[in-house]
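Student: One structure follows; several queries about it will come next.
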Amino acid sequence: MLNITERNKILAEKILSLKEEKDALILAHNYQAEEVQLIADYVGDSFGLSQQAAKAKEQVIVFCGVHFMAESAYILAPDKTVLLPDKNAGCPLADTITEVSLQAAKEKYPGAAVVCYVNSSASVKAISDVCCTSSNAMQVINGIDAQQILFVPDKNLAHWVQQHTTKEIIPWEGACVTHQRVYPEHIKKVRELYPAAPIAVHPECEPEIVAMADFVGSTTAIINFAKTCPEKEVIIGTEMGVITKLQHEVSHKNFYLLSQGLICPNMKKTNLQNICAALESLEPKITVPEPIRAKAYLALEKMLSYK
Ligand code: SF4
């Protein structure tokens, strides 16, 4: 019986060979497990992954993330085969809004522009004016020609954005179950354990957590902060995959997870076995019906022009 390291090594070699054979690019979100990050061609946040998908030269994109991310890759690169290794890797935040419920909100606020966080389905993006990620939300809000903005679907990101603009932000009632598992007690505990360590959190955390933190930003912003701050210990208040990435890139610092609840089960559904199987079978494919894709493309393309 092989131990896990030997088995992973064999699987990783098989994936690299299949990648060549199938002309595939492997994209992985920062929240993916270590074994996945290590075999990926690119590891990044939603914005960076969208950029990589849009300019991919390979015929196949293996998206190691969740469903809405693979959809976005297909929306931007419809001539590619986009694979999601586990088709059940969804996002509870994205599931809080549908085309029907957004349409009703648009009718309630006819003068509002719709800014849609990328953590949403293709059909929701298709009836939005522009998409955003947590790394470019402020540029999008400041750039859009509207004073009233219906910001969907993350209420905590909407609250954070509202703190930095005079425009009226109308939030949706959605939230990320993973980032909601951070409580003030976690902040108090790490302050006691690591008094010199700054606390960096994602704006998907609750407003009271954001208010208690030393730094707030997207996963990429948190990574850059953790790398460049003078402190040798940093508390990370986003999904634990970010610590994996930091530990590989910054060996002279220590990173601690703010809450043990910061593990997204959907992000952890991808593993070397299902990546290998996806490359062998070229399944499960993610596609979007063309009329929806064409409209969603406009919202995503507009977002990509903001940075
Ligand atoms: Fe969705 Fe939150 Fe998981 Fe991201 S971390 S995929 S927003 S549930």
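By convention here, the chains of the structure tokens are called A, B, ... in the order presented, each chain's residues are numbered starting at 1, and ligands are numbered starting at 1 in the order presented.
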Which chains and residue numbers are within 7 Å of ligand 1, counting only C-alpha atoms and all ligand atoms, if I want them as JSON, numbers by chain?
Tutor: {"A": [66, 90, 91, 92, 93, 94, 119, 176, 177, 178, 179, 239, 264, 265, 266, 267]}
Student: Let me see the file: selected residues, N, CA and C atoms, as a compact mmCIF listing (two decimals), in the first residue's frame.
Tutor:
# COMPACT_ATOMS: atom_id res chain seq x y z
N VAL A 66 -14.73 26.36 -7.64
CA VAL A 66 -16.14 25.98 -7.53
C VAL A 66 -16.88 26.36 -8.81
N GLY A 90 -19.97 23.52 -5.35
CA GLY A 90 -20.77 24.74 -5.54
C GLY A 90 -20.37 25.81 -4.57
N CYS A 91 -21.21 26.83 -4.48
CA CYS A 91 -20.93 27.93 -3.53
C CYS A 91 -22.25 28.37 -2.90
N PRO A 92 -22.42 28.15 -1.60
CA PRO A 92 -23.67 28.56 -0.94
C PRO A 92 -23.97 30.05 -1.08
N LEU A 93 -22.92 30.87 -1.16
CA LEU A 93 -23.16 32.31 -1.36
C LEU A 93 -23.79 32.55 -2.74
N ALA A 94 -23.24 31.95 -3.77
CA ALA A 94 -23.79 32.12 -5.12
C ALA A 94 -25.24 31.63 -5.19
N ASN A 119 -19.05 35.82 -7.40
CA ASN A 119 -19.58 34.62 -6.73
C ASN A 119 -21.08 34.53 -6.98
N CYS A 176 -21.09 34.48 2.84
CA CYS A 176 -20.27 33.27 2.71
C CYS A 176 -20.27 32.53 4.06
N VAL A 177 -20.76 31.30 4.03
CA VAL A 177 -20.85 30.55 5.29
C VAL A 177 -19.48 30.32 5.92
N THR A 178 -18.46 30.22 5.10
CA THR A 178 -17.10 29.98 5.62
C THR A 178 -16.59 31.22 6.36
N HIS A 179 -16.65 32.36 5.73
CA HIS A 179 -16.14 33.59 6.37
C HIS A 179 -17.03 34.05 7.53
N GLU A 239 -9.85 31.87 4.00
CA GLU A 239 -9.80 30.41 3.90
C GLU A 239 -8.36 29.88 4.05
N CYS A 264 -13.39 25.97 3.50
CA CYS A 264 -14.55 25.87 2.60
C CYS A 264 -14.64 24.43 2.08
N PRO A 265 -15.67 23.68 2.49
CA PRO A 265 -15.78 22.28 2.08
C PRO A 265 -15.89 22.11 0.56
N ASN A 266 -16.51 23.08 -0.08
CA ASN A 266 -16.65 22.98 -1.55
C ASN A 266 -15.32 23.14 -2.26
N MET A 267 -14.49 24.03 -1.74
CA MET A 267 -13.17 24.21 -2.35
C MET A 267 -12.31 22.96 -2.16
Student: So that I can check the surroundings of stretch 97-108 of chain A, please list as a list in words every protein, DNA and RNA residue that reaches within 7 Å of it, counting only C-alpha atoms and ignoring chain neighbours fewer than 5 positions away.
Tutor: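 With the cut-off at 7 Å, the set is Ser123, Val124 and Pro153 of chain A.
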Student: For the selection you just gave me, I'd like the residues written to a file as a compact mmCIF listing (two decimals), in the first residue's frame, keeping all heavy atoms.
Tutor:
# COMPACT_ATOMS: atom_id res chain seq x y z
N SER A 123 -26.43 33.16 -15.04
CA SER A 123 -27.69 33.84 -15.36
C SER A 123 -27.87 35.10 -14.52
O SER A 123 -28.53 36.05 -14.96
CB SER A 123 -28.88 32.89 -15.24
OG SER A 123 -28.81 32.15 -14.08
N VAL A 124 -27.30 35.15 -13.32
CA VAL A 124 -27.33 36.38 -12.53
C VAL A 124 -26.38 37.41 -13.14
O VAL A 124 -26.73 38.59 -13.29
CB VAL A 124 -26.96 36.07 -11.05
CG1 VAL A 124 -26.63 37.34 -10.27
CG2 VAL A 124 -28.12 35.32 -10.38
N PRO A 153 -24.06 39.23 -4.46
CA PRO A 153 -25.02 38.84 -3.44
C PRO A 153 -24.44 38.90 -2.01
O PRO A 153 -25.13 38.46 -1.10
CB PRO A 153 -25.31 37.38 -3.82
CG PRO A 153 -24.02 36.85 -4.36
CD PRO A 153 -23.31 38.03 -4.97
Student: Which residues are near stretch 270-274 of chain A? Cut-off 8 Å, only C-alpha atoms, ignore same chain within fewer than 5 positions. Put them as a ChimeraX atom specification.
Tutor: /A:8,11-12,15,32-33,35-36,64-65,85-86,89
Student: Write to file, as a compact mmCIF listing (two decimals), in the first residue's frame, the residues of the selection just made, with N, CA, C and O atoms.
Tutor:
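For reference, out-v8.txt as written:
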# COMPACT_ATOMS: atom_id res chain seq x y z
N ASN A 8 0.32 10.48 -4.19
CA ASN A 8 0.15 11.81 -4.78
C ASN A 8 1.22 12.09 -5.83
O ASN A 8 0.96 12.74 -6.83
N LEU A 11 0.20 10.30 -8.93
CA LEU A 11 -0.94 11.01 -9.55
C LEU A 11 -0.48 12.33 -10.18
O LEU A 11 -0.91 12.68 -11.27
N ALA A 12 0.40 13.05 -9.48
CA ALA A 12 0.89 14.33 -10.01
C ALA A 12 1.63 14.12 -11.32
O ALA A 12 1.46 14.89 -12.28
N ILE A 15 -0.90 13.44 -13.99
CA ILE A 15 -1.60 14.68 -14.37
C ILE A 15 -0.72 15.52 -15.32
O ILE A 15 -1.20 16.03 -16.32
N GLN A 32 -7.65 26.29 -2.68
CA GLN A 32 -7.51 24.86 -2.95
C GLN A 32 -6.51 24.20 -1.99
O GLN A 32 -5.64 24.87 -1.42
N ALA A 33 -6.64 22.89 -1.87
CA ALA A 33 -5.74 22.12 -1.00
C ALA A 33 -4.31 22.17 -1.55
O ALA A 33 -4.09 22.40 -2.75
N GLU A 35 -2.07 19.90 -2.28
CA GLU A 35 -1.72 18.99 -3.38
C GLU A 35 -2.18 19.56 -4.73
O GLU A 35 -1.54 19.32 -5.76
N VAL A 36 -3.29 20.30 -4.71
CA VAL A 36 -3.81 20.89 -5.95
C VAL A 36 -3.00 22.13 -6.33
O VAL A 36 -2.62 22.31 -7.49
N CYS A 64 -9.83 24.29 -10.94
CA CYS A 64 -9.83 23.77 -9.57
C CYS A 64 -10.38 24.87 -8.67
O CYS A 64 -9.63 25.73 -8.18
N GLY A 65 -11.68 24.83 -8.51
CA GLY A 65 -12.37 25.86 -7.73
C GLY A 65 -13.79 25.41 -7.56
O GLY A 65 -14.05 24.21 -7.39
N PRO A 85 -13.40 19.43 -11.87
CA PRO A 85 -13.16 18.04 -11.48
C PRO A 85 -14.27 17.41 -10.63
O PRO A 85 -14.55 16.23 -10.76
N ASP A 86 -14.89 18.18 -9.73
CA ASP A 86 -16.05 17.66 -8.99
C ASP A 86 -17.24 18.56 -9.33
O ASP A 86 -17.27 19.72 -8.91
N ALA A 89 -19.02 20.78 -6.67
CA ALA A 89 -18.33 21.85 -5.94
C ALA A 89 -19.06 23.17 -6.23
O ALA A 89 -18.83 23.82 -7.25
Student: I need the alpha helix (DSSP H) residues of stretch 130-228 of chain A per DSSP on the backbone, written as a ChimeraX atom specification.
Tutor: /A:137-143,155-162,184-193,207-212,219-228
Student: From the list A:Val152, A:Ile223, A:Ile263, A:Ala299, which residue is nearest A:His248 when using only C-alpha atoms?
Tutor: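 Using only C-alpha atoms, the shortest distance to A:His248 belongs to A:Ile223.
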Student: So that I can check the surroundings of stretch 250-255 of chain A, please list as a ChimeraX atom specification every protein, DNA and RNA residue that reaches within 10 Å of it, counting only C-alpha atoms and ignoring chain neighbours fewer than 3 positions away.
Tutor: /A:197,223,226-228,230-236,242-247,258
Student: Given the selection you just returned, output its residues as a file containing C-alpha atoms, formatted as a short mmCIF file (atom, residue, chain, number, x, y, z; two decimals), in the first residue's frame.
Tutor:
data_model
loop_
_atom_site.label_atom_id
_atom_site.label_comp_id
_atom_site.auth_asym_id
_atom_site.auth_seq_id
_atom_site.Cartn_x
_atom_site.Cartn_y
_atom_site.Cartn_z
CA ALA A 197 0.82 39.79 14.99
CA ILE A 223 -1.18 37.60 0.65
CA ALA A 226 1.36 39.15 4.86
CA LYS A 227 4.46 39.02 2.66
CA THR A 228 5.45 42.65 2.99
CA PRO A 230 7.45 43.93 8.93
CA GLU A 231 5.97 41.47 11.46
CA LYS A 232 7.18 37.89 11.39
CA GLU A 233 3.82 36.48 12.49
CA VAL A 234 0.53 37.23 10.76
CA ILE A 235 -3.03 36.10 11.54
CA ILE A 236 -4.92 35.12 8.40
CA VAL A 242 -4.13 31.08 1.66
CA ILE A 243 -1.86 29.89 4.49
CA THR A 244 -0.75 26.97 2.31
CA LYS A 245 0.24 29.40 -0.42
CA LEU A 246 2.01 31.73 2.01
CA GLN A 247 3.95 28.92 3.67
CA LEU A 258 -7.88 33.17 12.69
#
Student: Let me make sure I understand: among A:Leu262, A:Ile10, A:Ile275, A:Val115, which one has the smallest atom-to-atom distance to A:Leu27 if we use only C-alpha atoms?
Tutor: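 Residue with the minimum atom-to-atom distance to A:Leu27: A:Ile275.
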Student: If you run DSSP on this backbone, which residues of stretch 39-281 of chain A come out as strand (DSSP E or B), and could you give them as a PyMOL selection string?
Tutor: chain A and resi 42-44+60-64+81-83+113-117+130-132+148-152+154+168-171+174+199-201+215-216+233-237+254-257
Student: Give me the residues near A:Ile187 as number ranges by chain, where near means some atom within 12 Å (using only C-alpha atoms) and where sequence neighbours in that chain fewer than 4 positions away do not count.
Tutor: A: 181-183, 191-195, 197-201, 208-214, 235-237, 256-259
Student: Can you check which parts of stretch 196-290 of chain A lie within 9 Å of stretch 76-84 of chain A? Per residue, the shortest pair of atoms and distance in Å to one decimal, counting only C-alpha atoms, sorted by chain and number, as JSON lines.
Tutor:
{"residue": "A:Thr270", "atom": "CA", "partner": "A:Leu84", "partner_atom": "CA", "distance": 8.4}
{"residue": "A:Ile275", "atom": "CA", "partner": "A:Leu84", "partner_atom": "CA", "distance": 8.2}
{"residue": "A:Ala278", "atom": "CA", "partner": "A:Leu83", "partner_atom": "CA", "distance": 6.8}
{"residue": "A:Leu279", "atom": "CA", "partner": "A:Leu83", "partner_atom": "CA", "distance": 8.1}
{"residue": "A:Leu282", "atom": "CA", "partner": "A:Leu83", "partner_atom": "CA", "distance": 6.8}
{"residue": "A:Glu283", "atom": "CA", "partner": "A:Leu83", "partner_atom": "CA", "distance": 6.1}
{"residue": "A:Pro284", "atom": "CA", "partner": "A:Leu83", "partner_atom": "CA", "distance": 5.6}
{"residue": "A:Lys285", "atom": "CA", "partner": "A:Leu83", "partner_atom": "CA", "distance": 4.6}
{"residue": "A:Ile286", "atom": "CA", "partner": "A:Val82", "partner_atom": "CA", "distance": 5.6}
{"residue": "A:Thr287", "atom": "CA", "partner": "A:Val82", "partner_atom": "CA", "distance": 7.4}
{"residue": "A:Val288", "atom": "CA", "partner": "A:Pro78", "partner_atom": "CA", "distance": 8.6}
{"residue": "A:Glu290", "atom": "CA", "partner": "A:Pro78", "partner_atom": "CA", "distance": 9.0}
Student: Do a neighbour search on A:Ser72 at 8 Å with only C-alpha atoms, toss out local chain neighbours closer than 2 positions, and write the hits as a PyMOL selection string.
Tutor: chain A and resi 50+68-70+74-76+122+300
Student: Export N, CA and C atoms of the chosen residues as a PDB file, in the first residue's frame?
Tutor:
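Ended up saving to result08.pdb:
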ATOM      1  N   SER A  50      -9.775  34.686 -13.707  1.00  0.00           N
ATOM      2  CA  SER A  50     -10.561  35.126 -14.863  1.00  0.00           C
ATOM      3  C   SER A  50      -9.623  35.647 -15.956  1.00  0.00           C
ATOM      4  N   PHE A  68     -19.199  28.416 -10.024  1.00  0.00           N
ATOM      5  CA  PHE A  68     -19.329  29.721 -10.674  1.00  0.00           C
ATOM      6  C   PHE A  68     -18.014  30.159 -11.316  1.00  0.00           C
ATOM      7  N   MET A  69     -16.902  29.686 -10.782  1.00  0.00           N
ATOM      8  CA  MET A  69     -15.593  30.062 -11.339  1.00  0.00           C
ATOM      9  C   MET A  69     -15.370  29.380 -12.686  1.00  0.00           C
ATOM     10  N   ALA A  70     -15.754  28.102 -12.750  1.00  0.00           N
ATOM     11  CA  ALA A  70     -15.619  27.384 -14.024  1.00  0.00           C
ATOM     12  C   ALA A  70     -16.561  27.982 -15.066  1.00  0.00           C
ATOM     13  N   TYR A  74     -15.637  29.606 -18.754  1.00  0.00           N
ATOM     14  CA  TYR A  74     -16.299  29.276 -20.025  1.00  0.00           C
ATOM     15  C   TYR A  74     -16.870  30.544 -20.674  1.00  0.00           C
ATOM     16  N   ILE A  75     -17.448  31.430 -19.857  1.00  0.00           N
ATOM     17  CA  ILE A  75     -18.026  32.671 -20.393  1.00  0.00           C
ATOM     18  C   ILE A  75     -16.945  33.470 -21.131  1.00  0.00           C
ATOM     19  N   LEU A  76     -15.739  33.481 -20.559  1.00  0.00           N
ATOM     20  CA  LEU A  76     -14.642  34.266 -21.148  1.00  0.00           C
ATOM     21  C   LEU A  76     -13.939  33.521 -22.276  1.00  0.00           C
ATOM     22  N   ALA A 122     -24.054  32.300 -13.845  1.00  0.00           N
ATOM     23  CA  ALA A 122     -23.981  32.981 -15.144  1.00  0.00           C
ATOM     24  C   ALA A 122     -25.272  33.731 -15.430  1.00  0.00           C
ATOM     25  N   LEU A 300     -18.665  40.593 -17.308  1.00  0.00           N
ATOM     26  CA  LEU A 300     -17.314  40.175 -16.902  1.00  0.00           C
ATOM     27  C   LEU A 300     -16.241  40.975 -17.640  1.00  0.00           C
TER      28      LEU A 300
END
Student: When you look at A:Tyr42 with a cut-off of 9 Å (counting only C-alpha atoms), what residues show up, excluding the ones that are within fewer than 2 positions of it in the same chain? I need them as a list in words.
Tutor: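 My reading of the contact set: Leu25, Ile26, Leu27, Ala28, His29, Gln37, Ile39, Ala40, Gly44, Gly48, Leu49 and Gln52 of chain A.
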Student: Using N, CA and C atoms, can you write the selected residues to a file as an mmCIF file, in the first residue's frame?
Tutor:
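Contents of out.cif, as written:
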data_model
loop_
_atom_site.group_PDB
_atom_site.id
_atom_site.type_symbol
_atom_site.label_atom_id
_atom_site.label_comp_id
_atom_site.auth_asym_id
_atom_site.auth_seq_id
_atom_site.Cartn_x
_atom_site.Cartn_y
_atom_site.Cartn_z
ATOM 1 N N LEU A 25 -4.584 23.516 -19.392
ATOM 2 C CA LEU A 25 -4.081 24.496 -18.418
ATOM 3 C C LEU A 25 -4.812 24.223 -17.110
ATOM 4 N N ILE A 26 -4.065 24.147 -16.009
ATOM 5 C CA ILE A 26 -4.704 23.899 -14.710
ATOM 6 C C ILE A 26 -4.699 25.185 -13.893
ATOM 7 N N LEU A 27 -5.897 25.683 -13.614
ATOM 8 C CA LEU A 27 -6.053 26.904 -12.819
ATOM 9 C C LEU A 27 -6.590 26.529 -11.442
ATOM 10 N N ALA A 28 -5.993 27.062 -10.396
ATOM 11 C CA ALA A 28 -6.440 26.720 -9.034
ATOM 12 C C ALA A 28 -6.662 27.983 -8.204
ATOM 13 N N HIS A 29 -7.755 27.991 -7.482
ATOM 14 C CA HIS A 29 -8.032 29.111 -6.578
ATOM 15 C C HIS A 29 -7.130 29.013 -5.346
ATOM 16 N N GLN A 37 -2.722 22.963 -5.344
ATOM 17 C CA GLN A 37 -1.918 24.167 -5.623
ATOM 18 C C GLN A 37 -0.574 23.788 -6.244
ATOM 19 N N ILE A 39 0.294 21.339 -8.211
ATOM 20 C CA ILE A 39 0.338 20.881 -9.622
ATOM 21 C C ILE A 39 -0.279 21.909 -10.584
ATOM 22 N N ALA A 40 -0.798 23.023 -10.044
ATOM 23 C CA ALA A 40 -1.475 24.001 -10.901
ATOM 24 C C ALA A 40 -0.477 24.846 -11.683
ATOM 25 N N GLY A 44 -4.435 31.578 -7.909
ATOM 26 C CA GLY A 44 -4.748 32.982 -7.658
ATOM 27 C C GLY A 44 -6.156 33.193 -7.176
ATOM 28 N N GLY A 48 -7.669 37.135 -10.855
ATOM 29 C CA GLY A 48 -6.503 36.618 -11.590
ATOM 30 C C GLY A 48 -6.857 35.386 -12.417
ATOM 31 N N LEU A 49 -7.705 34.537 -11.865
ATOM 32 C CA LEU A 49 -8.090 33.321 -12.586
ATOM 33 C C LEU A 49 -8.914 33.671 -13.823
ATOM 34 N N GLN A 52 -6.516 34.785 -16.449
ATOM 35 C CA GLN A 52 -5.792 33.643 -17.026
ATOM 36 C C GLN A 52 -6.687 32.879 -17.998
#
